[in-house]
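In what follows, a structure is listed as C-alpha cells, so that the remarks can point back to it.
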Amino acid sequence: MKINYLNEIPTKHDRLVSWVKEWAELMTPEGVYWCDGSKAEYDKLSEELVNGGLATRLNPKKRPNCLLFRSDPSDVARVESRTYVASEKQEDAGPLNNWIDPAELKKTMRGFYKGCMKGRTMYVIPFSMGPVGSDIAKIGFEITDSAYVVINMHIMARVTPEVYEVLGADGEFIPTVHSVGKPLARGEKDNGVWPCAPVKDKYIAHFPETREIWSYGSGYGGNALLGKKCLALRIASVQARDEGWMAEHMLILKITSPEGEVKHIAGAFPSACGKTNLAMLIPTIEAWKVETVGDDIAWMKFGADGRLYAINPESGFFGVAPGTSMASNPNAMHSIAKDTIFTNVALTEDGDIWWEGIGYDPPDTLIDWKGNKWNAATAKEPAAHPNARFTAKAANCPVIADNWEDPAGVPIDAFLFGGRRPSTIPLVNQATDWVHGTFVGSAAGSEITAAALDLKAGTVRRDPMAMRPFIGYHVADFLQHWLNIGNKTSDDKLPKIFFVNWFRKTKDGRWLWPGFGDNSRVLEWVFKRCTGKVDAVKTAIGLLPKKEDINISGTDVTSADLEALLSVDIDGWKEELSAIKESYKIYGDRVPRELLDQIDALEKRLG
Ligand code: OXD
Ligand code: MN
C-alpha cells in the first residue's frame, strides 16, 4: 500500500520507519506527518483545532497563547476498568491489573485499529522522557490521530528531532500507538465534537514483555498522552524492576534551609491528593525555600556514590484545575498565566477560565465544561468538571529549580508517602528503617477522588506507594522490588521514609491541619531528621515528632490539635491493621515474608 507521507521521513532508523509504515497500512490515515516539536507546529495545529471548533482560543490579553478544550462527557478521566496489563502470564499482571492474553488482546485491538484513522492525519511524535541524552531518560514514539495529543505532548514531554541523534540508526525506543477511535467518512468533520469511542470499546493496553503501549478510543490525559502514566509508570516500572532502578508516582522538590543547606524530597501521593501543590509550596516559615523539580513522576537510579538520583521524566504539569487558587497554589496559578491548554474548565464571557475553588466568585453566567450556559444563581452542577485539567510548561513555573533538568538527576534524601486520611494516621511518622518504610508505603490508602472515571468517590482504597493504578506487573513483586532496592546500598545512603497526612479531621469534620504552605512546617521536621538535628519519639507505629519540634506559631493550630495530630490512636491502628491485612490477602501469596513479619511486629507493638 502506498503511504502518503506529508513531510520528509526524518530518520534512517529502519525499524522505526517500518513500524510507522505497518501501522499506517492498518489504520489507513489520509497522510502521515512526522512531528518536530517546533513552535510553528504547535501554532499550526492550534489554529486548525480552533478553526475546526475543537478548541477555543482564550482572550490573549488575559491568557496569552492559551486554549480551552471540552471533552466528550464520557471521556473525562483515566478509565481503570479499560486499562490492561497484558503480560504473557496472567499471574505476572497480579490482582490489581486487568488482564487479557496479549495475543487475544492484540487481535481484538487490531480489529478496532483497522481503518480507524480514515479521514485523519497520523502524527508520529518523537519524544524523550527526561532530558535528552540523560542516562536515566528513555526515548519513545507515539503514533496518534489527535492533534490535541500532539500539542499536549509538546508541553508534557521533550518532543524534538534531537531524539533521532540519540537513537542513531539502531537505538532502542518504546513504541506507543494511540487512536481516538473515530474515523471520518468522506467529507465528514468533527464539527466541534471531541472524538472518542464508547467506553466499552476503549482499551488502554500495555504489553510489558515487549514494552509496547496500545491505546484506543479515548482522547483524554493519562489514556492518550502515552509518555505519562503508560510509559513513565506502567512500562517503566517493569524496566526498573528488570534493571534495578525505580519508576515512581512521586513529586520531587528541592528544599533549602535558612542556613542555605539543600535537601531533595520525593513524595508519593495518590492521584488528586495535592502533589502539584506540595511540589510548588510557598513555605510559611521564615527563610525556608521550596523549589520544584517535578510534580507527578520520579525515575531514580543509583549514582556512583550509592545514593538514589532522581529525574522528572516530564517537562510539564498536567494538573487538576478545581481547587487550584492563589491561596492553595500561587505558583501553579503563575504557571498557567500563559502557554497553557485547559481541558473541561468553564469559560467566562470575556474569554478567561473559571473553576470551583479558583478563589473568587464566578460571574453571573458562564459557559460550563459541557459547553452550556451556566448560571451561578440556579446551577445544580459544577461549572468545571472535578477532574478538569491544565497542561502547563514546567519552564513557566516561577519556582522551577535551577537543577530540574540536570541529566544526572538530584540526590534524594527523603521519601514521603501520604493520602487523604480523615482519621488515625498522624501528621507525620518516620519509618524506623527501609523495610518498615516499604511496609508503611505498601499500606498507603486514600479517600477516592475524581481522577479516575470508574471509582466511587469518598471511600478509602489501598494504594501501595500511590502506584496501584500504575504498576505494570504484580503488586507483590513490586513490593519485593522495593525491598531489593534497599539491599543495594548501605542504610545511610537510602532516603529516609516518612508517612504524612495533611487531611486529618476532628470527629465533627473540622480540619486539624491547615495544609498548603503550612506543610512546610512538616518538611522542616523531615529536613531536620535528615540532618540529624532533631530527635524523634519511638512509638508503636514509628518515629513521631516531639510536640515542640513542629513549629505552629502563626497558625490557628492549637496545642490540643497538635496533640491529636501526633497521637497514636491504638484502637484506630488496630482497625487500620485489619484493613492492611485485608489488602495483603488480595495481593496473594507472593507478598514478601519480610512485609508479613512487619504486620506481626506491628500487631505485637499495638498490644
Ligand atoms: C494524574 C493522575 O493525572 O495521577 O497525574 O491521575
Ligand atoms: Mn499522577
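The chains in the C-alpha cells are called A, B, ... from first to last as shown; in each chain the residues are counted from 1, and the ligands are counted from 1 in the order shown.
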
Hey, which bits of chain A sit within 9 Å of ligand 1, and for each residue what's the closest pair of atoms and how far apart in Å (one decimal), counting only C-alpha atoms and all ligand atoms, rows by chain and increasing number, as a tab-separated table?
residue	atom	partner	partner_atom_place_in_ligand_line	distance
A:Ala77	CA	ligand 1	6 (O)	7.7
A:Arg78	CA	ligand 1	6 (O)	6.8
A:Gly221	CA	ligand 1	3 (O)	6.8
A:Gly222	CA	ligand 1	3 (O)	6.0
A:Lys228	CA	ligand 1	5 (O)	8.3
A:Lys229	CA	ligand 1	1 (C)	7.5
A:His249	CA	ligand 1	4 (O)	7.6
A:Phe269	CA	ligand 1	4 (O)	8.7
A:Pro270	CA	ligand 1	4 (O)	6.5
A:Ser271	CA	ligand 1	4 (O)	3.7
A:Ala272	CA	ligand 1	4 (O)	6.5
A:Cys273	CA	ligand 1	4 (O)	8.9
A:Lys275	CA	ligand 1	5 (O)	8.7
A:Asp295	CA	ligand 1	5 (O)	8.4
A:Asp296	CA	ligand 1	5 (O)	5.9
A:Ile297	CA	ligand 1	5 (O)	8.3
A:Phe317	CA	ligand 1	5 (O)	8.6
A:Phe318	CA	ligand 1	3 (O)	6.3
A:Gly319	CA	ligand 1	3 (O)	6.8
A:Val320	CA	ligand 1	3 (O)	7.5
A:Asn387	CA	ligand 1	3 (O)	8.8
A:Arg389	CA	ligand 1	3 (O)	8.5
A:Ala450	CA	ligand 1	6 (O)	8.8
A:Ala451	CA	ligand 1	6 (O)	5.0
A:Ala452	CA	ligand 1	6 (O)	6.6
A:Ala466	CA	ligand 1	4 (O)	8.7
A:Met467	CA	ligand 1	4 (O)	8.9
A:Pro469	CA	ligand 1	4 (O)	8.5
A:Phe470	CA	ligand 1	4 (O)	8.7

Contact residues around Leu427 of chain A with only C-alpha atoms at 6 Å, ignoring same-chain residues under 6 positions, as a PyMOL selection string: chain A and resi 500-501+565

Test item: residues at most 10 Å from Glu524 of chain A, only C-alpha atoms, excluding those fewer than 4 positions along its chain, as a PyMOL selection string: chain A and resi 255-257+283+285+288+519-520+528-530+549-551

Nearest-residue call for Ser218 of chain A, choices A:Asp72, A:Ser328, A:Pro161, A:Leu251, using only C-alpha atoms: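 Nearest to Ser218 of chain A: A:Asp72.
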
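One distance worth recording is that between atom CA of Thr391 of chain A and atom CA of Asn331 of chain A, which is 14.0 Å.
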
Shell around Trp502 of chain A at 12 Å using only C-alpha atoms, local window under 3 positions removed, as number ranges by chain: A: 269, 273-275, 277-278, 416-428, 446, 499, 505, 511-523, 565-566

Kindly export the residues of the current selection with N, CA, C and O atoms, as a short mmCIF file (atom, residue, chain, number, x, y, z; two decimals), in the first residue's frame.
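This went into result.cif:
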data_model
loop_
_atom_site.label_atom_id
_atom_site.label_comp_id
_atom_site.auth_asym_id
_atom_site.auth_seq_id
_atom_site.Cartn_x
_atom_site.Cartn_y
_atom_site.Cartn_z
N PHE A 269 1.89 10.36 46.48
CA PHE A 269 0.53 10.56 46.97
C PHE A 269 -0.41 10.10 45.86
O PHE A 269 -0.12 10.35 44.69
N CYS A 273 -4.27 14.21 45.23
CA CYS A 273 -4.07 14.42 46.68
C CYS A 273 -3.15 15.60 46.94
O CYS A 273 -2.62 15.74 48.05
N GLY A 274 -2.89 16.41 45.93
CA GLY A 274 -2.13 17.63 46.17
C GLY A 274 -0.64 17.52 45.91
O GLY A 274 0.15 18.29 46.49
N LYS A 275 -0.20 16.61 45.04
CA LYS A 275 1.24 16.54 44.74
C LYS A 275 1.72 17.83 44.09
O LYS A 275 2.79 18.32 44.42
N ASN A 277 0.47 20.80 44.44
CA ASN A 277 0.52 21.86 45.46
C ASN A 277 1.78 21.73 46.33
O ASN A 277 2.45 22.73 46.64
N LEU A 278 2.10 20.51 46.71
CA LEU A 278 3.26 20.31 47.59
C LEU A 278 4.56 20.63 46.84
O LEU A 278 5.47 21.26 47.39
N LEU A 416 8.40 10.76 50.96
CA LEU A 416 7.16 10.91 51.72
C LEU A 416 6.10 10.02 51.08
O LEU A 416 6.03 9.93 49.86
N PHE A 417 5.31 9.38 51.92
CA PHE A 417 4.08 8.75 51.44
C PHE A 417 2.93 9.48 52.10
O PHE A 417 3.07 10.01 53.20
N GLY A 418 1.77 9.48 51.42
CA GLY A 418 0.62 10.13 52.05
C GLY A 418 -0.65 9.79 51.33
O GLY A 418 -0.64 9.09 50.31
N GLY A 419 -1.74 10.30 51.88
CA GLY A 419 -3.05 10.12 51.25
C GLY A 419 -4.05 10.94 52.02
O GLY A 419 -3.70 11.55 53.03
N ARG A 420 -5.27 10.95 51.55
CA ARG A 420 -6.33 11.66 52.27
C ARG A 420 -6.88 10.72 53.33
O ARG A 420 -7.61 9.78 53.01
N ARG A 421 -6.51 10.96 54.60
CA ARG A 421 -6.96 10.07 55.67
C ARG A 421 -7.55 10.90 56.81
O ARG A 421 -6.82 11.47 57.61
N PRO A 422 -8.89 10.98 56.85
CA PRO A 422 -9.52 11.84 57.87
C PRO A 422 -9.26 11.41 59.32
O PRO A 422 -9.38 12.24 60.22
N SER A 423 -8.90 10.14 59.55
CA SER A 423 -8.69 9.72 60.95
C SER A 423 -7.40 8.89 61.09
O SER A 423 -6.77 8.54 60.10
N THR A 424 -7.04 8.61 62.32
CA THR A 424 -5.99 7.64 62.73
C THR A 424 -4.56 8.01 62.35
O THR A 424 -3.66 7.99 63.18
N ILE A 425 -4.32 8.32 61.07
CA ILE A 425 -2.93 8.47 60.61
C ILE A 425 -2.38 9.83 61.06
O ILE A 425 -2.97 10.87 60.78
N PRO A 426 -1.25 9.84 61.78
CA PRO A 426 -0.73 11.11 62.31
C PRO A 426 -0.20 12.05 61.23
O PRO A 426 -0.02 11.65 60.08
N LEU A 427 0.05 13.28 61.64
CA LEU A 427 0.54 14.31 60.72
C LEU A 427 1.83 13.88 60.03
O LEU A 427 2.00 14.07 58.82
N VAL A 428 2.74 13.30 60.79
CA VAL A 428 3.97 12.77 60.19
C VAL A 428 4.52 11.66 61.08
O VAL A 428 4.46 11.74 62.30
N SER A 446 -6.12 6.01 50.54
CA SER A 446 -6.64 7.36 50.42
C SER A 446 -8.12 7.32 50.11
O SER A 446 -8.61 6.37 49.51
N PHE A 499 5.70 9.00 56.53
CA PHE A 499 4.29 9.00 56.10
C PHE A 499 3.65 10.27 56.63
O PHE A 499 3.74 10.57 57.82
N LYS A 505 -9.10 15.05 60.24
CA LYS A 505 -10.24 15.86 60.70
C LYS A 505 -10.64 15.47 62.12
O LYS A 505 -10.36 14.34 62.56
N TRP A 511 -11.05 20.39 59.86
CA TRP A 511 -9.67 20.04 59.52
C TRP A 511 -8.77 20.36 60.71
O TRP A 511 -8.86 21.44 61.28
N LEU A 512 -7.88 19.45 61.04
CA LEU A 512 -6.96 19.71 62.16
C LEU A 512 -5.70 20.43 61.71
O LEU A 512 -4.98 21.01 62.53
N TRP A 513 -5.41 20.36 60.43
CA TRP A 513 -4.14 20.91 59.95
C TRP A 513 -4.42 21.85 58.77
O TRP A 513 -5.21 21.50 57.89
N PRO A 514 -3.81 23.05 58.72
CA PRO A 514 -4.15 24.00 57.66
C PRO A 514 -3.69 23.58 56.26
O PRO A 514 -4.26 24.00 55.25
N GLY A 515 -2.65 22.77 56.18
CA GLY A 515 -2.20 22.28 54.86
C GLY A 515 -1.50 23.34 54.03
O GLY A 515 -1.00 24.35 54.55
N PHE A 516 -1.42 23.09 52.72
CA PHE A 516 -0.81 24.00 51.74
C PHE A 516 0.55 24.51 52.22
O PHE A 516 1.40 23.73 52.62
N GLY A 517 0.77 25.85 52.22
CA GLY A 517 2.08 26.40 52.59
C GLY A 517 2.53 25.98 53.99
O GLY A 517 3.73 25.87 54.27
N ASP A 518 1.56 25.71 54.87
CA ASP A 518 1.92 25.31 56.23
C ASP A 518 2.49 23.88 56.29
O ASP A 518 3.06 23.48 57.31
N ASN A 519 2.36 23.15 55.19
CA ASN A 519 3.01 21.83 55.17
C ASN A 519 4.53 21.97 55.26
O ASN A 519 5.24 21.01 55.57
N SER A 520 5.03 23.17 54.99
CA SER A 520 6.48 23.42 55.14
C SER A 520 6.93 23.14 56.57
O SER A 520 8.09 22.81 56.82
N ARG A 521 6.00 23.26 57.52
CA ARG A 521 6.35 23.03 58.93
C ARG A 521 6.68 21.55 59.16
O ARG A 521 7.50 21.23 60.02
N VAL A 522 6.02 20.70 58.38
CA VAL A 522 6.33 19.27 58.45
C VAL A 522 7.62 18.99 57.67
O VAL A 522 8.48 18.21 58.12
N LEU A 523 7.76 19.67 56.53
CA LEU A 523 9.00 19.49 55.75
C LEU A 523 10.21 19.90 56.58
O LEU A 523 11.28 19.30 56.49
N LEU A 565 -2.95 15.49 66.41
CA LEU A 565 -2.27 15.18 65.14
C LEU A 565 -1.07 14.25 65.33
O LEU A 565 -0.67 13.55 64.40
N LEU A 566 -0.51 14.29 66.55
CA LEU A 566 0.70 13.48 66.79
C LEU A 566 0.44 12.31 67.74
O LEU A 566 1.38 11.69 68.24
#

Nearest candidate to ligand 2 (options A:Glu165, A:Glu48, A:Asp170, A:Glu314; using only C-alpha atoms and all ligand atoms):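 Among A:Glu165, A:Glu48, A:Asp170, A:Glu314, it is A:Glu314 that comes nearest to ligand 2.
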
Å distance separating atom CA of Gly192 of chain A from atom CA of Gly371 of chain A, one decimal place: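 These two atoms are separated by 10.5 Å.
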
All residues 9 Å or closer to segment 347-352 of chain A, only C-alpha atoms, same chain fewer than 4 positions away omitted, as a VMD selection string: chain A and resid 56 to 60 62 to 63 68 362 to 363 365 to 369 371 383 to 384

Distance in Å - atom CA of Gly111 of chain A versus atom CA of Asp145 of chain A: 16.8 Å

Residues flagged strand (DSSP E) by DSSP in segment 70-132 of chain A, as a list in words: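 Checking each residue of segment 70-132 of chain A, the strand (DSSP E) ones are Thr83, Tyr84, Val85, Thr121, Met122, Tyr123, Val124, Ile125, Pro126, Phe127, Ser128 and Met129 of chain A.
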
For His264 of chain A, the nearest of the candidates A:Lys44, A:Lys496, A:Lys547, A:Lys380, counting only C-alpha atoms: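 Among the listed residues, A:Lys496 lies closest to His264 of chain A.
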
Top pick for closest residue to ligand 2, considering A:Ala298, A:Lys118, A:Pro126, A:Pro195 and counting only C-alpha atoms and all ligand atoms: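 Of A:Ala298, A:Lys118, A:Pro126, A:Pro195, the one nearest ligand 2, counting only C-alpha atoms and all ligand atoms, is A:Ala298.
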
Counting only C-alpha atoms and all ligand atoms, the residue of A:Ala346, A:Ile341, A:Val20, A:Cys230 that sits nearest ligand 2: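 Distance minimum relative to ligand 2 lands on A:Cys230.
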
Determine, using only C-alpha atoms, which residues of segment 100-164 of chain A have any atom at most 10 Å from an atom of segment 173-183 of chain A, and tabulate each with its shortest atom pair and distance in Å to one decimal place, rows ordered by chain and then rising number, as CSV.
residue,atom,partner,partner_atom,distance
A:Phe112,CA,A:Gly181,CA,7.5
A:Tyr113,CA,A:Gly181,CA,7.5
A:Lys114,CA,A:Gly181,CA,9.9
A:Gly115,CA,A:Pro183,CA,7.2
A:Cys116,CA,A:Pro183,CA,4.9
A:Met117,CA,A:Pro183,CA,5.1
A:Lys118,CA,A:Pro183,CA,4.9
A:Gly119,CA,A:Pro183,CA,6.3
A:Arg120,CA,A:Pro183,CA,7.1
A:Met122,CA,A:Ser179,CA,8.9
A:Tyr123,CA,A:His178,CA,9.8
A:Val124,CA,A:Val177,CA,9.3
A:Ile125,CA,A:Thr176,CA,9.6
A:Pro126,CA,A:Phe173,CA,9.5
A:Phe127,CA,A:Phe173,CA,9.5
A:Ser128,CA,A:Phe173,CA,9.3
A:Lys138,CA,A:Phe173,CA,7.2
A:Ile139,CA,A:Phe173,CA,5.0
A:Gly140,CA,A:Ile174,CA,4.4
A:Phe141,CA,A:Pro175,CA,5.2
A:Glu142,CA,A:Thr176,CA,4.7
A:Ile143,CA,A:Val177,CA,4.8
A:Thr144,CA,A:His178,CA,4.7
A:Asp145,CA,A:Ser179,CA,5.5
A:Ser146,CA,A:Val180,CA,6.8
A:Val149,CA,A:His178,CA,9.3
A:Val163,CA,A:Phe173,CA,9.7
